[in-house]
>>> print(open('protein_28.cif').read())   # mmCIF, C-alpha atoms
data_structure
#
loop_
_atom_site.label_atom_id
_atom_site.label_comp_id
_atom_site.auth_asym_id
_atom_site.auth_seq_id
_atom_site.Cartn_x
_atom_site.Cartn_y
_atom_site.Cartn_z
CA MET A 1275 99.20 134.43 46.15
CA VAL A 1276 99.80 131.86 48.83
CA ALA A 1277 102.79 132.63 51.06
CA SER A 1278 105.60 130.08 50.91
CA ARG A 1279 105.62 127.67 53.82
CA THR A 1280 108.54 126.43 55.89
CA ARG A 1281 109.74 123.04 54.65
CA PHE A 1282 110.34 121.01 57.80
CA LYS A 1283 113.15 118.50 57.37
CA ARG A 1284 114.07 115.50 59.46
CA GLN A 1285 117.29 115.92 61.41
CA GLU A 1286 120.42 114.66 59.57
CA SER A 1287 118.42 114.02 56.37
CA TRP A 1288 120.78 116.39 54.54
CA ARG A 1289 123.80 114.41 55.75
CA LEU A 1290 122.77 110.74 55.55
CA LYS A 1291 121.35 109.17 52.43
CA ARG A 1292 119.42 106.51 54.37
CA VAL A 1293 117.50 109.17 56.35
CA LYS A 1294 114.59 110.58 54.30
CA GLU A 1295 113.35 114.18 54.53
CA ASN A 1296 109.97 113.16 56.00
CA TRP A 1297 109.47 115.00 59.26
CA ARG A 1298 110.28 113.21 62.50
CA ARG A 1299 110.63 114.99 65.82
CA PRO A 1300 114.25 115.18 67.06
CA ARG A 1301 114.49 113.38 70.42
CA GLY A 1302 118.20 113.29 71.13
CA VAL A 1303 119.44 114.48 74.53
CA THR A 1304 122.12 116.69 72.98
CA SER A 1305 120.24 117.47 69.75
CA ARG A 1306 120.83 121.07 68.69
CA MET A 1307 117.71 120.95 66.56
CA ARG A 1308 115.56 119.93 69.56
CA LYS A 1309 117.15 122.73 71.59
CA GLU A 1310 116.28 125.16 68.76
CA LYS A 1311 119.80 126.52 68.35
CA LYS A 1312 120.43 129.28 65.85
CA GLY A 1313 121.34 128.02 62.37
CA TRP A 1314 119.46 124.71 62.69
CA PRO A 1315 116.14 123.91 60.93
CA ALA A 1316 112.90 124.95 62.62
CA LEU A 1317 110.66 122.57 64.54
CA VAL A 1318 107.00 121.98 63.81
CA LYS A 1319 104.99 124.11 66.23
CA ALA A 1320 101.61 125.76 66.55
CA GLY A 1321 101.51 129.07 64.73
CA ARG A 1322 103.72 127.95 61.84
CA GLY A 1323 100.80 126.93 59.59
CA SER A 1324 99.52 128.85 56.58
CA ALA A 1325 96.78 131.47 56.87
CA ALA A 1326 93.27 130.06 57.12
CA SER A 1327 92.14 132.15 54.13
CA THR A 1328 94.73 130.56 51.77
CA ARG A 1329 95.01 127.09 53.31
CA GLY A 1330 94.52 124.29 50.79
CA ARG A 1331 94.56 126.61 47.76
CA HIS A 1332 96.62 126.46 44.58
CA PRO A 1333 99.92 128.45 44.77
CA ARG A 1334 98.29 131.13 42.58
CA GLY A 1335 95.75 131.66 45.38
CA LEU A 1336 92.86 130.19 43.39
CA ILE A 1337 90.47 127.43 44.49
CA GLU A 1338 91.14 124.14 42.67
CA ARG A 1339 88.30 122.15 41.12
CA LEU A 1340 88.60 118.67 39.61
CA VAL A 1341 86.96 118.46 36.17
CA ARG A 1342 85.72 115.17 34.67
CA ASN A 1343 83.23 116.48 32.09
CA GLU A 1344 81.87 119.70 30.57
CA ALA A 1345 79.15 120.01 33.21
CA ASP A 1346 81.87 120.52 35.85
CA LEU A 1347 83.02 123.69 34.03
CA GLU A 1348 79.64 125.40 34.48
CA GLY A 1349 79.39 127.98 37.26
CA LEU A 1350 83.17 128.46 37.69
CA ASN A 1351 84.53 131.99 38.06
CA PRO A 1352 87.90 132.50 36.25
CA LYS A 1353 89.01 134.99 38.93
CA VAL A 1354 88.36 132.56 41.78
CA HIS A 1355 88.79 129.03 40.37
CA ILE A 1356 91.50 127.00 38.65
CA ILE A 1357 90.69 123.59 37.18
CA ARG A 1358 92.62 120.33 37.27
CA LEU A 1359 91.69 117.83 34.56
CA SER A 1360 91.02 114.31 35.81
CA ALA A 1361 93.72 111.71 35.13
CA GLN A 1362 91.05 109.29 33.91
CA LEU A 1363 90.26 111.44 30.86
CA GLY A 1364 91.19 110.22 27.41
CA GLU A 1365 92.96 112.37 24.85
CA ARG A 1366 89.83 113.18 22.84
CA ARG A 1367 87.77 114.40 25.82
CA ARG A 1368 90.80 116.23 27.28
CA ILE A 1369 91.21 118.28 24.07
CA VAL A 1370 87.50 119.23 24.14
CA LEU A 1371 87.70 120.30 27.80
CA VAL A 1372 90.89 122.34 27.24
CA GLU A 1373 89.27 124.23 24.36
CA ARG A 1374 86.11 124.86 26.41
CA ALA A 1375 88.15 126.10 29.41
CA LYS A 1376 90.15 128.45 27.17
CA SER A 1377 86.95 129.89 25.75
CA LEU A 1378 85.76 130.56 29.34
CA ASN A 1379 89.22 132.02 30.30
CA ILE A 1380 89.61 129.49 33.13
CA HIS A 1381 93.15 128.59 34.22
CA ILE A 1382 94.16 124.92 33.85
CA ALA A 1383 96.61 123.45 36.37
CA ASN A 1384 97.58 120.47 34.16
CA PRO A 1385 96.90 121.33 30.50
CA GLY A 1386 99.33 118.76 29.09
CA LYS A 1387 101.29 119.39 25.90
CA GLU A 1388 100.46 122.61 24.10
CA GLU A 1389 101.04 121.03 20.67
CA THR A 1390 98.14 118.61 20.85
CA ARG A 1391 97.73 116.76 17.58
CA PRO A 1392 94.30 116.14 16.06
CA VAL A 1393 92.61 112.90 17.07
CA GLY A 1394 93.24 110.09 14.58
CA GLU A 1395 96.51 111.55 13.27
CA GLU A 1396 99.54 109.37 13.94
CA PRO A 1397 102.67 110.84 15.54
CA LYS A 1398 105.48 111.82 13.19
CA GLU A 1399 108.10 109.14 12.68
CA THR A 1400 111.69 110.07 13.40
CA GLU A 1401 114.43 107.90 11.89
CA THR A 1402 112.59 104.61 11.84
CA SER A 1403 114.60 103.27 8.91
CA ALA A 1404 117.90 101.48 9.41
CA THR A 1405 119.70 103.63 6.82
CA GLU A 1406 121.46 106.89 7.39
CA LYS A 1407 122.61 109.41 4.80
CA SER A 1408 126.20 110.55 5.00
CA PRO A 1409 128.45 112.42 2.54
CA GLY A 1410 130.49 110.16 0.25
CA PRO A 1411 134.29 110.18 0.57
CA GLN A 1412 135.14 111.12 -3.09
CA THR A 1413 132.02 112.98 -4.19
CA GLY A 1414 130.04 115.63 -2.40
CA GLU A 1415 126.84 113.64 -2.86
CA ARG A 1416 125.15 111.74 -0.08
CA ALA A 1417 125.32 107.96 -0.16
CA GLU A 1418 123.12 105.53 1.73
CA VAL A 1419 124.99 103.54 4.35
CA GLU A 1420 123.40 100.66 6.21
CA ILE A 1421 123.83 100.60 9.94
CA GLN A 1422 124.59 97.10 11.13
CA ARG A 1423 123.73 96.30 14.68
CA ALA A 1424 125.39 93.46 16.49
CA PRO A 1425 123.01 90.77 17.77
CA ARG A 1426 122.41 90.83 21.47
CA LEU A 1427 124.43 88.21 23.27
CA LYS A 1428 123.26 86.28 26.25
CA PRO A 1429 125.42 86.63 29.34
CA ARG A 1430 128.18 84.05 29.39
CA LYS A 1431 128.06 81.37 31.97
CA SER A 1432 131.10 80.71 34.04
CA LEU A 1433 133.74 78.71 32.18
CA THR A 1434 134.89 77.00 35.33
CA ARG A 1435 132.67 74.27 36.68
CA ARG A 1436 132.48 73.13 40.19
CA MET A 1437 134.15 69.82 40.36
CA PRO A 1438 132.92 67.34 42.96
CA ARG A 1439 135.36 66.94 45.78
CA ALA A 1440 137.06 63.62 45.93
CA GLU A 1441 135.98 61.66 48.97
CA PRO A 1442 138.84 60.20 50.97
CA GLU A 1443 138.60 56.48 51.19
CA GLY A 1444 137.00 55.17 54.30
CA THR A 1445 134.60 58.16 54.79
CA LYS A 1446 130.93 58.54 54.02
CA LYS A 1447 128.42 61.43 54.33
CA ASN A 1448 126.21 61.46 57.36
CA ARG A 1449 122.65 60.27 56.67
CA ARG A 1450 121.19 63.59 57.84
CA GLY A 1451 122.70 65.30 54.81
CA SER A 1452 124.98 67.62 56.74
CA CYS A 1453 128.66 68.06 56.08
CA ARG A 1454 129.67 65.80 58.96
CA ARG A 1455 131.47 62.71 57.95
CA ARG A 1456 131.91 59.46 59.75
CA SER A 1457 134.46 56.86 59.00
CA ILE A 1458 133.52 53.47 57.72
CA GLN A 1459 134.91 50.79 59.90
CA ASN A 1460 135.96 47.62 58.26
CA LEU A 1461 134.79 44.72 60.31
CA ASP A 1462 137.26 42.12 59.09
#
>>> encode(input="protein_28.cif", output="structure tokens")
Amino acid sequence: MVASRTRFKRQESWRLKRVKENWRRPRGVTSRMRKEKKGWPALVKAGRGSAASTRGRHPRGLIERLVRNEADLEGLNPKVHIIRLSAQLGERRRIVLVERAKSLNIHIANPGKEETRPVGEEPKETETSATEKSPGPQTGERAEVEIQRAPRLKPRKSLTRRMPRAEPEGTKKNRRGSCRRRSIQNLD
């Protein structure tokens, strides 16, 4: 088994939502974390890494191998290796590889659902009809009741419209299109 490692957290990440847990070195002058006070999270330092013999291994202590086809399963020792099925595999090939790995007693890190259905069989339908059976009010028998769903409405637009502002007489918008106004001088 691989020993659990220290999870180094960024200072104040537990207090502020905007500060993520990704490690950043504390640099504050009065930072208690930088000063390594008791009760504050540990700093990243040499000597805090995992043992060289278990570094990069699966938490079970086994060596992980990526499997894309049946040829990748050959030569693996069940006591030493654990396999991870490639994400690019389809359902049909995945089922074949899972069965082959089980026959070789090799651990699978990502087996998927245990209840794999046979290829070509459609998934079971659950309540696809729009009717629901419920007991009748007078008799103990079940009667079919249709469920009516309201049509989806579009969001309503605002009922109030913006009315254009009335321009006072004797004013005109500036030619530059800004809000400045200049008065029209009557040259009579």
>>> closest_residue(input="protein_28.cif", among="A:Lys1291, A:His1381, A:Lys1387, A:Lys1312", to="Gly1335 (chain A)", atoms="only C-alpha atoms")
A:His1381
>>> closest_residue(input="protein_28.cif", among="A:Arg1308, A:Arg1334, A:Arg1329, A:Lys1353", to="Gln1285 (chain A)", atoms="only C-alpha atoms")
A:Arg1308
>>> resolve_selection(input="protein_28.cif", expression="the PyMOL selection byres ((chain A and resi 1344-1346) around 10)", output="list of chain:residue names")
A:Arg1339, A:Leu1340, A:Val1341, A:Arg1342, A:Asn1343, A:Leu1347, A:Glu1348, A:Gly1349, A:Leu1350, A:Ile1357, A:Arg1367, A:Val1370, A:Leu1371, A:Val1372, A:Arg1374, A:Ala1375
>>> atom_distance(input="protein_28.cif", atom1="CA of Gly1364 (chain A)", atom2="CA of Asn1384 (chain A)")
13.8 Å
>>> atom_distance(input="protein_28.cif", atom1="CA of Trp1297 (chain A)", atom2="CA of Lys1283 (chain A)")
5.4 Å
>>> atom_distance(input="protein_28.cif", atom1="CA of Arg1299 (chain A)", atom2="CA of Phe1282 (chain A)")
10.0 Å
>>> residues_around(input="protein_28.cif", residues="Ile1337 (chain A)", least_positions_apart="5", cutoff="6 Å", atoms="all atoms listed in the file", output="VMD selection string")
chain A and resid 1331 1355 to 1356
>>> residues_around(input="protein_28.cif", residues="Ala1325 (chain A)", least_positions_apart="4", cutoff="12 Å", atoms="all atoms listed in the file", output="JSON, numbers by chain")
{"A": [1275, 1276, 1277, 1278, 1279, 1321, 1329, 1330, 1331, 1335]}
>>> write_last_selection(input="protein_28.cif", atoms="C-alpha atoms", output="JSON list (two decimals), in the frame of the given file")
[["chain", "number", "residue", "atom", "x", "y", "z"],
["A", 1275, "MET", "CA", 99.20, 134.43, 46.15],
["A", 1276, "VAL", "CA", 99.80, 131.86, 48.83],
["A", 1277, "ALA", "CA", 102.79, 132.63, 51.06],
["A", 1278, "SER", "CA", 105.60, 130.08, 50.91],
["A", 1279, "ARG", "CA", 105.62, 127.67, 53.82],
["A", 1321, "GLY", "CA", 101.51, 129.07, 64.73],
["A", 1329, "ARG", "CA", 95.01, 127.09, 53.31],
["A", 1330, "GLY", "CA", 94.52, 124.29, 50.79],
["A", 1331, "ARG", "CA", 94.56, 126.61, 47.76],
["A", 1335, "GLY", "CA", 95.75, 131.66, 45.38]]
>>> decode(input="protein_28.cif", residues="region 1337-1362 of chain A", atoms="N, CA and C atoms", output="CSV table (one decimal), in the first residue's frame")
chain,number,residue,atom,x,y,z
A,1337,ILE,N,1.6,-1.5,-10.0
A,1337,ILE,CA,2.0,-0.7,-11.1
A,1337,ILE,C,0.9,-0.6,-12.1
A,1338,GLU,N,0.5,0.6,-12.5
A,1338,GLU,CA,-0.6,0.8,-13.5
A,1338,GLU,C,-0.1,0.7,-14.9
A,1339,ARG,N,-0.9,0.0,-15.7
A,1339,ARG,CA,-0.6,-0.2,-17.2
A,1339,ARG,C,-1.9,0.2,-17.9
A,1340,LEU,N,-1.7,1.0,-19.0
A,1340,LEU,CA,-2.8,1.4,-19.8
A,1340,LEU,C,-3.1,0.3,-20.9
A,1341,VAL,N,-4.3,-0.1,-21.0
A,1341,VAL,CA,-4.6,-1.2,-21.9
A,1341,VAL,C,-5.5,-0.7,-23.0
A,1342,ARG,N,-5.1,-0.9,-24.3
A,1342,ARG,CA,-5.9,-0.5,-25.5
A,1342,ARG,C,-6.4,-1.7,-26.2
A,1343,ASN,N,-5.7,-2.9,-26.1
A,1343,ASN,CA,-6.1,-4.1,-26.8
A,1343,ASN,C,-5.7,-5.3,-26.1
A,1344,GLU,N,-6.1,-6.5,-26.5
A,1344,GLU,CA,-5.8,-7.7,-25.8
A,1344,GLU,C,-4.3,-8.0,-25.7
A,1345,ALA,N,-3.5,-7.5,-26.7
A,1345,ALA,CA,-2.1,-7.8,-26.7
A,1345,ALA,C,-1.4,-7.1,-25.5
A,1346,ASP,N,-2.0,-6.0,-25.0
A,1346,ASP,CA,-1.4,-5.3,-23.9
A,1346,ASP,C,-1.6,-6.1,-22.6
A,1347,LEU,N,-2.5,-7.0,-22.5
A,1347,LEU,CA,-2.8,-7.8,-21.3
A,1347,LEU,C,-1.7,-8.9,-21.2
A,1348,GLU,N,-1.0,-9.3,-22.3
A,1348,GLU,CA,0.0,-10.4,-22.2
A,1348,GLU,C,1.2,-9.9,-21.4
A,1349,GLY,N,1.7,-10.8,-20.6
A,1349,GLY,CA,2.9,-10.6,-19.8
A,1349,GLY,C,2.7,-9.8,-18.5
A,1350,LEU,N,1.4,-9.5,-18.1
A,1350,LEU,CA,1.2,-8.8,-16.9
A,1350,LEU,C,1.0,-9.8,-15.7
A,1351,ASN,N,1.6,-9.4,-14.6
A,1351,ASN,CA,1.5,-10.2,-13.4
A,1351,ASN,C,0.4,-9.7,-12.5
A,1352,PRO,N,-0.6,-10.5,-12.1
A,1352,PRO,CA,-1.7,-9.9,-11.3
A,1352,PRO,C,-1.2,-9.5,-9.9
A,1353,LYS,N,-0.1,-9.9,-9.4
A,1353,LYS,CA,0.4,-9.5,-8.1
A,1353,LYS,C,1.1,-8.2,-8.2
A,1354,VAL,N,1.6,-7.8,-9.4
A,1354,VAL,CA,2.4,-6.6,-9.5
A,1354,VAL,C,1.6,-5.5,-10.3
A,1355,HIS,N,0.8,-5.9,-11.2
A,1355,HIS,CA,0.2,-4.9,-12.1
A,1355,HIS,C,-1.3,-4.7,-11.9
A,1356,ILE,N,-1.8,-3.5,-12.2
A,1356,ILE,CA,-3.2,-3.2,-12.2
A,1356,ILE,C,-3.4,-2.5,-13.6
A,1357,ILE,N,-4.5,-2.8,-14.3
A,1357,ILE,CA,-4.7,-2.2,-15.6
A,1357,ILE,C,-5.8,-1.1,-15.5
A,1358,ARG,N,-5.6,-0.1,-16.4
A,1358,ARG,CA,-6.6,1.0,-16.6
A,1358,ARG,C,-7.0,0.9,-18.1
A,1359,LEU,N,-8.3,0.7,-18.4
A,1359,LEU,CA,-8.8,0.6,-19.7
A,1359,LEU,C,-8.8,2.0,-20.4
A,1360,SER,N,-8.3,2.0,-21.6
A,1360,SER,CA,-8.3,3.3,-22.3
A,1360,SER,C,-9.6,3.9,-22.5
A,1361,ALA,N,-9.7,5.2,-22.5
A,1361,ALA,CA,-11.0,6.0,-22.6
A,1361,ALA,C,-11.5,5.9,-24.0
A,1362,GLN,N,-10.6,5.6,-25.0
A,1362,GLN,CA,-11.0,5.5,-26.4
A,1362,GLN,C,-11.6,4.2,-26.8
